[in-house]
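*Asks:* For reference, the structure I am asking about is given below.
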Amino acid sequence: MRPWEAYFRRVVPYVPGEQPQGSRLIKLNTNENPYPPAPGVAEALKHMDAELFRKYPDPAAAGLVKALADRYGLGMDQVFVGVGSDDVLAMAFLTFFNSGKPVLFPDVTYSFYPVWADLFGIPYETPALDEEFRINPRDYDRENGGVVFPNPNAPTGSFLPLEQVEDILRHNQDVAVIVDEAYIDFGGSSAISLLGQYENLLVVQTFSKSRSMAGMRIGYAFGSPALIRALEDVKYSYNSYTMNLPSILLGVEAVKDEAYFRQTTGKIVEVREKAKARFRALGFEFPDSAANFLFVKHRTVPARELFEALRRQQIYVRYFDKPRISDYLRVTIGTEEEMEALFAFLESYLN
């Protein structure tokens with residue numbers, strides 16, 4: 001090691017999903033929406049004046065904040081936006097988890113959580129999900145420095161009913177509780193309805209899944225004015241211009257079109273439910289999913305074998321070589337045509 005390398009920060013990084021390139025592949029590995037963004041997004045792009053880009057964007061992203069506040073019936077002082085929900089969550093870790101006590105999140109969950117905790121020097125503990133990959137609220141009753149969990153969970157897709165989310169909140173009113181709702185628009189009730197009762201609740205969502213805008217990197221959070229102010233203070237101490245102007249302008253257009261939003265999320269749910277039956281018929285098991293993906297395990301064929309066989313056919317799914325989940329594949333719900341191609345291959349391969 002060269003002398004100056006001794007001062008590097010050493011972390012085990014998050015590994016993002018593979019981003020294969022090409023027009024003849026089927027990409028079911030990163031939970032993107034298979035349908036295009038709302039028509040208003042494309043229309044706004046056509047008329048976007050490049051002259052706008054020579055100036056800094058509004059650091060408060062007020063236009064987008066207002067659109068989100070209006071859409072969800074909240075005040076602008078209850079909304080925070082960032083560069084994807086990863087940016088929002090990282091800011092939340094940095095802002096709220098500073099007690100020196102361990103933060104709690106599930107053992108099988110979004111794999112960025114332990115990366116942020118290690119990066120920011122936050123101690124953490126990981127209560128185990130049960131055998132059906134469900135959270136037990138009683139595991140979160142102990143002393144802690146904060147709580148964070150996805151709902152629906154990633155990568156399992158399991159949904160924690162709202163009354164159990166509130167149970168966790170009731171037992172943790174002295175710390176921040178973050179509910180990561182990246183997939184909430186595909187099933188289940190949002191914890192947004194609990195914001196009026198719990199000032200320590202932060203609900204994080206994203207445009208990357210249900211609004212078909214993963215490429216624009218737009219995330220947002222809802223919380224009490226006190227939580228949002230604290231997030232903004234950290235943001236402005238780190239990078240005041242986190243969101244670019246196209247994301248702000250196009251995000252507003254996406255929020256406007258509620259009918260299109262309902263149409264595309266409804267279609268994904270419809271295809272997901274059909275896929276559940278197809279997977280079962282082929283000998284797969286999985287926890288019930290309320291997300292835009294299924295977390296499947298075949299009764300006899302190892303997940304790694306299936307992953308590699310699918311990849312050879314240019315069909316990409318996600319494999320996690322980790323404890324408890326190395327027998328599973330996470331399969332994003334694609335279009336009907338993409339799912340048909342997936343099942344045609346699986347039927348041939350398994351039979």
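Each chain in the structure tokens gets a letter, A, B and so on, in the order shown; residues start at 1 in every chain, and ligands are counted from 1 in the order they appear.
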Can you build me a table of segment 44-150 of chain A residues sitting at most 10 Å from segment 317-332 of chain A, with the closest atom pair per residue and its distance in Å to one decimal, using only C-alpha atoms, sorted by chain and residue number, as CSV?

*Replies:*
residue,atom,partner,partner_atom,distance
A:Asp107,CA,A:Arg324,CA,9.2
A:Val108,CA,A:Arg324,CA,7.9
A:Glu131,CA,A:Arg324,CA,9.6
A:Phe133,CA,A:Arg324,CA,9.8

*Asks:* For Ile315 of chain A, find every residue with an atom within 9 Å (counting only C-alpha atoms), except residues of its own chain fewer than 5 positions away, and show them as a short mmCIF file (atom, residue, chain, number, x, y, z; two decimals) with N, CA and C atoms, in the first residue's frame.

*Replies:*
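The resulting file, selection34.cif, is reproduced below:
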data_model
loop_
_atom_site.label_atom_id
_atom_site.label_comp_id
_atom_site.auth_asym_id
_atom_site.auth_seq_id
_atom_site.Cartn_x
_atom_site.Cartn_y
_atom_site.Cartn_z
N LEU A 25 -32.75 -7.92 -25.83
CA LEU A 25 -32.71 -8.58 -24.54
C LEU A 25 -34.00 -8.29 -23.77
N ILE A 26 -34.23 -9.09 -22.75
CA ILE A 26 -35.39 -8.90 -21.86
C ILE A 26 -34.83 -8.58 -20.49
N LYS A 27 -35.09 -7.39 -20.02
CA LYS A 27 -34.45 -6.89 -18.81
C LYS A 27 -35.45 -6.90 -17.65
N LEU A 28 -35.32 -7.90 -16.81
CA LEU A 28 -36.24 -8.07 -15.68
C LEU A 28 -35.45 -8.13 -14.37
N ASN A 29 -34.38 -7.33 -14.28
CA ASN A 29 -33.48 -7.46 -13.14
C ASN A 29 -33.37 -6.23 -12.25
N PHE A 307 -30.54 -18.68 -13.17
CA PHE A 307 -30.04 -17.34 -13.48
C PHE A 307 -29.09 -17.38 -14.68
N ALA A 309 -28.77 -19.80 -16.95
CA ALA A 309 -29.45 -20.28 -18.16
C ALA A 309 -30.27 -19.16 -18.80
N LEU A 310 -30.96 -18.39 -17.98
CA LEU A 310 -31.73 -17.25 -18.50
C LEU A 310 -30.81 -16.21 -19.13
N ALA A 341 -42.23 -14.55 -23.02
CA ALA A 341 -40.93 -15.07 -23.45
C ALA A 341 -40.20 -15.74 -22.28
N LEU A 342 -40.28 -15.12 -21.10
CA LEU A 342 -39.68 -15.72 -19.90
C LEU A 342 -40.26 -17.09 -19.62
#

*Asks:* Check segment 16-246 of chain A with DSSP on the backbone and list each residue it calls strand (DSSP E or B), as a PyMOL selection string.

*Replies:* chain A and resi 26-27+79-82+103-104+124-125+147-150+177-180+201-206+219-222

*Asks:* Any chance you could list, as JSON, numbers by chain, the residues in segment 29-141 of chain A that come up helix (DSSP H, G or I) when DSSP is run on the backbone?

*Replies:* {"A": [39, 40, 41, 42, 43, 44, 45, 46, 50, 51, 52, 53, 54, 62, 63, 64, 65, 66, 67, 68, 69, 70, 71, 72, 76, 77, 78, 84, 85, 86, 87, 88, 89, 90, 91, 92, 93, 94, 95, 96, 112, 113, 114, 115, 116, 117, 118, 119, 137, 138, 139, 140]}

*Asks:* Name all residues at most 9 Å from Ala226 of chain A (count only C-alpha atoms; drop same-chain ones fewer than 5 positions away) and give them as a PyMOL selection string.

*Replies:* chain A and resi 77-78+199-200+231

*Asks:* Applying 12 Å and only C-alpha atoms, which residues near Pro34 of chain A remain after dropping the ones on its own chain fewer than 4 positions away? List them as an mmCIF file with N, CA and C atoms, in the first residue's frame.

*Replies:*
data_model
loop_
_atom_site.group_PDB
_atom_site.id
_atom_site.type_symbol
_atom_site.label_atom_id
_atom_site.label_comp_id
_atom_site.auth_asym_id
_atom_site.auth_seq_id
_atom_site.Cartn_x
_atom_site.Cartn_y
_atom_site.Cartn_z
ATOM 1 N N ILE A 26 -34.231 -9.085 -22.749
ATOM 2 C CA ILE A 26 -35.387 -8.903 -21.865
ATOM 3 C C ILE A 26 -34.829 -8.583 -20.486
ATOM 4 N N LYS A 27 -35.087 -7.392 -20.021
ATOM 5 C CA LYS A 27 -34.450 -6.886 -18.808
ATOM 6 C C LYS A 27 -35.453 -6.901 -17.652
ATOM 7 N N LEU A 28 -35.320 -7.900 -16.806
ATOM 8 C CA LEU A 28 -36.239 -8.071 -15.678
ATOM 9 C C LEU A 28 -35.450 -8.126 -14.366
ATOM 10 N N ASN A 29 -34.383 -7.331 -14.284
ATOM 11 C CA ASN A 29 -33.478 -7.463 -13.135
ATOM 12 C C ASN A 29 -33.372 -6.232 -12.253
ATOM 13 N N THR A 30 -33.941 -5.085 -12.638
ATOM 14 C CA THR A 30 -33.755 -3.877 -11.829
ATOM 15 C C THR A 30 -35.069 -3.163 -11.499
ATOM 16 N N SER A 208 -38.929 6.208 -9.832
ATOM 17 C CA SER A 208 -38.217 5.225 -10.636
ATOM 18 C C SER A 208 -39.053 4.011 -10.998
ATOM 19 N N LYS A 209 -40.039 3.676 -10.186
ATOM 20 C CA LYS A 209 -40.813 2.454 -10.425
ATOM 21 C C LYS A 209 -42.169 2.778 -11.049
ATOM 22 N N SER A 210 -43.092 3.279 -10.248
ATOM 23 C CA SER A 210 -44.454 3.455 -10.745
ATOM 24 C C SER A 210 -44.602 4.575 -11.760
ATOM 25 N N ARG A 211 -43.697 5.548 -11.761
ATOM 26 C CA ARG A 211 -43.817 6.663 -12.714
ATOM 27 C C ARG A 211 -42.841 6.556 -13.892
ATOM 28 N N SER A 212 -42.192 5.410 -14.040
ATOM 29 C CA SER A 212 -41.397 5.096 -15.248
ATOM 30 C C SER A 212 -40.277 6.086 -15.505
ATOM 31 N N MET A 213 -39.659 6.616 -14.448
ATOM 32 C CA MET A 213 -38.638 7.643 -14.642
ATOM 33 C C MET A 213 -37.347 7.334 -13.890
ATOM 34 N N ALA A 214 -36.921 6.071 -13.931
ATOM 35 C CA ALA A 214 -35.680 5.698 -13.261
ATOM 36 C C ALA A 214 -34.497 6.482 -13.815
ATOM 37 N N THR A 264 -50.970 2.415 -15.899
ATOM 38 C CA THR A 264 -49.758 1.596 -16.004
ATOM 39 C C THR A 264 -49.506 0.761 -14.752
ATOM 40 N N THR A 265 -49.738 1.331 -13.581
ATOM 41 C CA THR A 265 -49.555 0.527 -12.373
ATOM 42 C C THR A 265 -50.587 -0.601 -12.319
ATOM 43 N N LYS A 267 -51.864 -2.127 -14.892
ATOM 44 C CA LYS A 267 -51.456 -3.154 -15.841
ATOM 45 C C LYS A 267 -50.362 -4.040 -15.246
ATOM 46 N N ILE A 268 -49.411 -3.439 -14.554
ATOM 47 C CA ILE A 268 -48.331 -4.217 -13.932
ATOM 48 C C ILE A 268 -48.898 -5.172 -12.881
ATOM 49 N N VAL A 271 -50.560 -8.118 -14.708
ATOM 50 C CA VAL A 271 -49.573 -9.067 -15.240
ATOM 51 C C VAL A 271 -48.900 -9.828 -14.099
ATOM 52 N N ASN A 292 -43.643 -4.673 -7.808
ATOM 53 C CA ASN A 292 -43.619 -4.933 -9.252
ATOM 54 C C ASN A 292 -42.594 -6.002 -9.594
ATOM 55 N N PHE A 293 -42.429 -6.963 -8.697
ATOM 56 C CA PHE A 293 -41.523 -8.089 -8.914
ATOM 57 C C PHE A 293 -41.995 -9.261 -8.071
ATOM 58 N N THR A 332 -38.466 -8.982 -12.120
ATOM 59 C CA THR A 332 -39.295 -7.805 -12.358
ATOM 60 C C THR A 332 -40.454 -8.168 -13.276
ATOM 61 N N ILE A 333 -41.604 -7.565 -13.033
ATOM 62 C CA ILE A 333 -42.751 -7.757 -13.917
ATOM 63 C C ILE A 333 -42.588 -6.876 -15.149
ATOM 64 N N GLY A 334 -42.471 -7.508 -16.301
ATOM 65 C CA GLY A 334 -42.338 -6.778 -17.555
ATOM 66 C C GLY A 334 -43.666 -6.686 -18.286
ATOM 67 N N THR A 335 -43.608 -6.439 -19.567
ATOM 68 C CA THR A 335 -44.815 -6.432 -20.387
ATOM 69 C C THR A 335 -45.341 -7.857 -20.522
ATOM 70 N N GLU A 336 -46.539 -7.994 -21.033
ATOM 71 C CA GLU A 336 -47.090 -9.338 -21.251
ATOM 72 C C GLU A 336 -46.208 -10.134 -22.201
ATOM 73 N N GLU A 337 -45.684 -9.466 -23.229
ATOM 74 C CA GLU A 337 -44.830 -10.144 -24.206
ATOM 75 C C GLU A 337 -43.514 -10.602 -23.568
ATOM 76 N N GLU A 338 -42.929 -9.757 -22.736
ATOM 77 C CA GLU A 338 -41.686 -10.131 -22.061
ATOM 78 C C GLU A 338 -41.901 -11.298 -21.107
ATOM 79 N N MET A 339 -42.992 -11.273 -20.371
ATOM 80 C CA MET A 339 -43.260 -12.358 -19.436
ATOM 81 C C MET A 339 -43.560 -13.654 -20.181
#
